[in-house]
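**Student:** Quick one: the structure is below, and I'll ask about it shortly.
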Amino acid sequence: MISYQILQIPFRRLGCAAVLALSVVAFATPAKAIETIAKEAILIDAETGAVLFDKNASTPMAPASMSKLMTIYMVLERLRDGRLSLDDTFKVSENAWRKGGAKSGSSTMFLEPGKRVRVEDLLRGIIIQSGNDACIVIAEGLSGSEGAFADEMNERAQQMGMYESTFINATGWPDPDHKMSPKDLALLAKRTILDFPEFYSYYSETSFTYNGIKQNNRNPLLYKGMGADGLKTGHTNSSGYGLVASATRGDRRLILVVNGLPTKKDRARVPERLIEWGFREFNNYDLLKAGEVIEEAQVWLGDKPTVPLIVVDDLTLTLPKKSRRGMKVKVTYDGPIPAPIKKGDRLATLSIITADKDPVDIPLIAADDVNQLGLLGRLGAAFQYILLGGSI
């Protein structure tokens, strides 16, 4: 086996080029780097998916109104695909009014039974005012009933990889079987931001007036000047206070989910602290470009003496800022590599090493074809190998 050690990645490579979602490497946060009173929490880098903080993030929990993100996602998909328009209208049923209207005692958009309401108003009523009546109107308008709409939500969640989510209703109204994990909520938030940039600005609106009644967005981070631009609060007596939040700082975006906070004041304080910590302690480092030659591997009995080894995709790394100066990479392969070699063959491994972390291995592939030498060429190479005592 031949092993090559590159002592230090040149920092001139650590620029700000865009990277592909599937070409990233993420390092977990150091244990106990920060504490939180939230019962469940996850903080991720939106570009790389790196988990910066995790507390019971895979545990299904009562999401309250945070599950309305899925209701909204189902609407935005139809808007994007042209199956629905912002100017379409749905009728407010007696059921929607009784279960989610002013007399329900829950979050409401103050819709009136029998009236028709534009889809755009319903969307803003859900996102900004967390209107349960608007959710039920949407569910009935799209699927005939709230139960049928919940079935569609469950099917779509499975397709999206949200395996720890089960939806019983469109509102997040408490039900023992209505569950989402923080990890699934973070995935849903990321998909919302990436899939619907033309609609995402609704999440940063701080107020909405409908039926003569102005209501303010409950997301406390929107008012702190910290780059927050979404997404959704949640609260029930059993679940406590929760928030799905996202904020940008320069080219970076972080997504946070917290739940189980004891007070509304904690919902304003705890998420701000976690997000600021994430921006302060971590950074993204663009290391390699797709197709960039990492090493020239020696070839045995080929019509070329070496074959270039490349990475398939751009490579970016999320890690603590204090770890970057000790970062090293190592290229390992069994060599010399016998010909023939086909372009795209996996031939080697690039290992990325930082202090106190397990190495992350990235496959390296052949950039070119290398044909096998003919009989005379192979005989000559073998003879040379013997004369040089095993060198090539």
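Labeling convention for the structure tokens: chains A, B, ... as they appear, residues from 1 per chain, ligands from 1 in order of appearance.
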What's the 7 Å shell around A:Pro363, counting only C-alpha atoms, without same-chain residues fewer than 6 positions away, as a ChimeraX atom specification?

**Tutor:** /A:311,346,348-350

**Student:** Just want the 7 Å neighbourhood of stretch 266-272 of chain A, counted on only C-alpha atoms, with same-chain residues fewer than 5 positions away dropped. Output as a list in words.

**Tutor:** Pro220, Leu221, Tyr241, Gly242 and Leu261 of chain A

**Student:** Keeping only C-alpha atoms, take the residues you just selected and write them out as a tab-separated table (two decimals), in the first residue's frame.

**Tutor:**
chain	number	residue	atom	x	y	z
A	220	PRO	CA	-39.13	36.71	18.56
A	221	LEU	CA	-35.91	36.53	16.52
A	241	TYR	CA	-42.66	26.69	23.83
A	242	GLY	CA	-40.92	25.86	20.58
A	261	LEU	CA	-38.96	25.63	26.69

**Student:** Name all residues at most 12 Å from A:Ala46 (count only C-alpha atoms; drop same-chain ones fewer than 6 positions away) and give them as an MDAnalysis selection string.

**Tutor:** chainID A and resid 19:21 24 26 52 186:194 245:249 251:256 278:279 283:284 318

**Student:** State, in Å with one decimal place, the distance from atom CA of A:Glu152 to atom CA of A:Phe167.

**Tutor:**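 Computing the Euclidean distance for atom CA of A:Glu152 and atom CA of A:Phe167 yields 9.2 Å.
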
**Student:** Taking the DSSP assignment computed from this structure's backbone, write out as a list of chain:residue names all residues of stretch 243-285 of chain A that belong to helix (DSSP H, G or I).

**Tutor:**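 Filtering stretch 243-285 of chain A to helix (DSSP H, G or I) leaves A:Lys264, A:Lys265, A:Asp266, A:Arg267, A:Ala268, A:Arg269, A:Val270, A:Pro271, A:Glu272, A:Arg273, A:Leu274, A:Ile275, A:Glu276, A:Trp277, A:Gly278, A:Phe279, A:Arg280, A:Glu281.
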
**Student:** Do you have the atom CA of A:Leu142-atom CA of A:Asn259 distance handy?

**Tutor:** 29.6 Å

**Student:** Residues of stretch 218-317 of chain A that approach stretch 321-331 of chain A to 9 Å or less, counting only C-alpha atoms: could you list each one with the shortest pair of atoms and its distance in Å to one decimal, rows by chain and increasing residue number, as a tab-separated table?

**Tutor:**
residue	atom	partner	partner_atom	distance
A:Arg280	CA	A:Lys321	CA	8.4
A:Glu281	CA	A:Lys321	CA	5.9
A:Phe282	CA	A:Lys321	CA	5.2
A:Asn283	CA	A:Lys321	CA	6.0
A:Asn284	CA	A:Lys321	CA	8.8
A:Tyr285	CA	A:Arg324	CA	8.6
A:Ile294	CA	A:Val331	CA	8.3
A:Glu295	CA	A:Val331	CA	7.7

**Student:** Output C-alpha atoms for every residue in the selection just made, as a PDB file, in the first residue's frame.

**Tutor:**
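Output contents, as saved in selection37.pdb:
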ATOM      1  CA  ARG A 280     -19.213  32.315  16.360  1.00  0.00           C
ATOM      2  CA  GLU A 281     -17.712  28.852  16.835  1.00  0.00           C
ATOM      3  CA  PHE A 282     -18.086  27.245  13.383  1.00  0.00           C
ATOM      4  CA  ASN A 283     -17.324  28.093   9.792  1.00  0.00           C
ATOM      5  CA  ASN A 284     -17.506  26.534   6.323  1.00  0.00           C
ATOM      6  CA  TYR A 285     -14.304  25.933   4.380  1.00  0.00           C
ATOM      7  CA  ILE A 294      -5.460  15.533  -5.893  1.00  0.00           C
ATOM      8  CA  GLU A 295      -2.680  13.050  -6.659  1.00  0.00           C
TER       9      GLU A 295
END

**Student:** When you look at A:Val137 with a cut-off of 8 Å (counting only C-alpha atoms), what residues show up, excluding the ones that are within fewer than 3 positions of it in the same chain? I need them as an MDAnalysis selection string.

**Tutor:** chainID A and resid 90:93 96 133:134 140:141

**Student:** Of the residues A:Leu185, A:Leu123, A:Ile352, A:Ile337, which is the one nearest to A:Thr316, using only C-alpha atoms?

**Tutor:**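 Closest to A:Thr316, using only C-alpha atoms: A:Ile352.
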
**Student:** Of the candidates A:Tyr333, A:Tyr223, A:Tyr73, A:Tyr163, which one gets nearest to A:Phe199 if we count only C-alpha atoms?

**Tutor:**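 Smallest separation from A:Phe199 among the options: A:Tyr73.
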